[in-house]
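S.K.: Before we start, here is the structure in question, set down as structure tokens.
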Amino acid sequence: MTRILLTGACGKMGKVIQSVVANRDDCAVVAGVDKYQDGTTPFPVYETIADVKEEADVIVDFSNPALLDELLAYTQSSHVALVIGTTGFDDCQKKKIADASKDSPIFFTYNMSIGVNLLASLAKKAVQVLGNGFDIEIIEQHHNQKLDAPSGTALMLADAITEELDKPMKYEYDRHAKRAKRTADEIGIHSVRGGTIVGEHTILFAGRDENITLSHSARSKEIFAVGAVNAAVFMNGKAPGMYDMAALINE
């Protein structure tokens, strides 16, 4: 039985994770952390992670990037594994996560969906087949409440593609600010925000007289919650290091 400490317990994703865990018999949420408590959780919820009294095997985090330092300090002092589902980290924070993984088991991915991770693998295969002869554009769409842009998933896809190319690439986020032709060494990344879109990611390979499109559509937040809970069970008892969805899938 994997004991989960859920940060962001009373938020939208926190409630979806609670629902997913309630239907499983291999894990349970023993405590939560959330500044805004609603009194509806079947487990105790604390304002800060330092206040938590219950013992846990894994932290599942869907909170806020601003809380990263507290999370890393807790996991390093308690040796509890950490599954990070929060997005919007800057480069400095990503480095902190990588550094902390030298002493603590940390699961970090830009997207908890198995389908999105398959999309990344397919994109890498497409680059291997198509080579450098196609222009690459990534379009991501999310709901109007999402704070960060572009999405972490869009950046993950761009990074996966770049790994397969034999030339350095730059990410172009804002073409309206310049008047110039598209260069061959750029990957365009575009963000759309509106309505209640859960998450849409499209990769366009535009060549001479032909286009190839790969896409993934998330229809509910539950796919991310299921992935996060699977990651939590997977991380129980793991040694220090950085883990991701590929490690879970290939176990």
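Ordered as shown in the structure tokens, chains take letters A, B, and onward, while each chain numbers its residues from 1 and ligands are numbered from 1 in the order shown.
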Name the residues of stretch 50-200 of chain A that fall into strand (DSSP E) according to DSSP on the backbone, using the chain letters and numbers of this document, as a ChimeraX atom specification.
M.R.: /A:58-61,81-84,105-108,135-142,170-172,186-193,199-200
S.K.: Apply DSSP to the backbone of this structure and, from stretch 130-217 of chain A, keep only the residues in alpha helix (DSSP H); write these as a list in words.
M.R.: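 Going through stretch 130-217 of chain A, the alpha helix (DSSP H) residues come out as Leu130, Gly152, Thr153, Ala154, Leu155, Met156, Leu157, Ala158, Asp159, Ala160, Ile161, Thr162, Glu163 and Glu164 of chain A.
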S.K.: Only C-alpha atoms, please: the residues just picked out, written as a JSON list (two decimals), in the first residue's frame.
M.R.:
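again.json, freshly written:
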[["chain", "number", "residue", "atom", "x", "y", "z"],
["A", 130, "LEU", "CA", 11.95, 13.22, -42.32],
["A", 152, "GLY", "CA", 5.44, 22.67, -20.25],
["A", 153, "THR", "CA", 4.25, 19.90, -22.55],
["A", 154, "ALA", "CA", 4.91, 22.02, -25.65],
["A", 155, "LEU", "CA", 8.46, 22.60, -24.43],
["A", 156, "MET", "CA", 8.86, 18.89, -23.68],
["A", 157, "LEU", "CA", 7.81, 18.07, -27.25],
["A", 158, "ALA", "CA", 10.19, 20.68, -28.67],
["A", 159, "ASP", "CA", 13.05, 19.30, -26.59],
["A", 160, "ALA", "CA", 12.29, 15.74, -27.72],
["A", 161, "ILE", "CA", 12.35, 16.84, -31.36],
["A", 162, "THR", "CA", 15.57, 18.83, -30.92],
["A", 163, "GLU", "CA", 17.34, 15.77, -29.52],
["A", 164, "GLU", "CA", 16.87, 14.03, -32.87]]
S.K.: Could you name the residues that touch stretch 105-121 of chain A at 6 Å or less, counting only C-alpha atoms, but leaving out those on the same chain fewer than 3 positions away, as a list in words?
M.R.: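 Using only C-alpha atoms, the neighbours found are Ala81, Leu82, Val83, Ile84, Ser101, Lys124, Gly152, Thr153, Leu157, Ile223, Phe224, Gly227, Ala228, Ala239, Pro240, Gly241, Met242, Tyr243 and Asp244 of chain A.
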S.K.: Using C-alpha atoms, can you export the residues from the last selection as a PDB file, in the first residue's frame?
M.R.:
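Final output, selection-v6.pdb:
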ATOM      1  CA  ALA A  81       9.758  10.239  -2.905  1.00  0.00           C
ATOM      2  CA  LEU A  82       8.330  13.190  -4.829  1.00  0.00           C
ATOM      3  CA  VAL A  83       6.071  13.105  -7.901  1.00  0.00           C
ATOM      4  CA  ILE A  84       5.902  16.565  -9.475  1.00  0.00           C
ATOM      5  CA  SER A 101      17.319  14.207  -7.393  1.00  0.00           C
ATOM      6  CA  LYS A 124      11.131  11.773 -32.513  1.00  0.00           C
ATOM      7  CA  GLY A 152       5.444  22.666 -20.253  1.00  0.00           C
ATOM      8  CA  THR A 153       4.250  19.895 -22.553  1.00  0.00           C
ATOM      9  CA  LEU A 157       7.810  18.072 -27.251  1.00  0.00           C
ATOM     10  CA  ILE A 223      -5.834  11.225 -17.553  1.00  0.00           C
ATOM     11  CA  PHE A 224      -3.245  13.343 -15.730  1.00  0.00           C
ATOM     12  CA  GLY A 227      -0.730   9.060 -14.585  1.00  0.00           C
ATOM     13  CA  ALA A 228       0.278  10.820 -11.365  1.00  0.00           C
ATOM     14  CA  ALA A 239      16.405   4.920  -4.907  1.00  0.00           C
ATOM     15  CA  PRO A 240      17.472   8.564  -5.333  1.00  0.00           C
ATOM     16  CA  GLY A 241      17.494   9.749  -8.910  1.00  0.00           C
ATOM     17  CA  MET A 242      15.420  11.434 -11.610  1.00  0.00           C
ATOM     18  CA  TYR A 243      12.545   9.387 -13.013  1.00  0.00           C
ATOM     19  CA  ASP A 244      10.019  10.128 -15.770  1.00  0.00           C
TER      20      ASP A 244
END
S.K.: Skip A:Val233 itself and residues of its chain fewer than 4 positions away, then list as an MDAnalysis selection string all residues within 12 Å of it, counting only C-alpha atoms.
M.R.: chainID A and resid 1:4 21 24:29 56:60 81:83 107 226:229 237:238 248
S.K.: Could you state the separation of atom CA of A:Asp185 and atom CA of A:Thr87 in Å, given to one decimal place?
M.R.: 26.7 Å
S.K.: Quick one, how far is atom CA of A:Leu147 from atom CA of A:Lys94?
M.R.: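 So the answer is 17.7 Å.
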S.K.: So which one's closest to A:Asn144, A:Ala126, A:Val198, A:Leu165, A:Val20? Using only C-alpha atoms, please.
M.R.: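 Closest to A:Asn144 of all the choices is A:Val198.
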S.K.: Expressed in Å to a single decimal, how great is the separation between atom CA of A:Ile136 and atom CA of A:Phe205?
M.R.: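 Computing it gives 4.8 Å between the two atoms.
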S.K.: Can you list, as a PyMOL selection string, every protein, DNA or RNA residue that comes within 10 Å of A:Ala206 when you count only C-alpha atoms, leaving out same-chain residues fewer than 6 positions away?
M.R.: chain A and resi 133-137+212-213
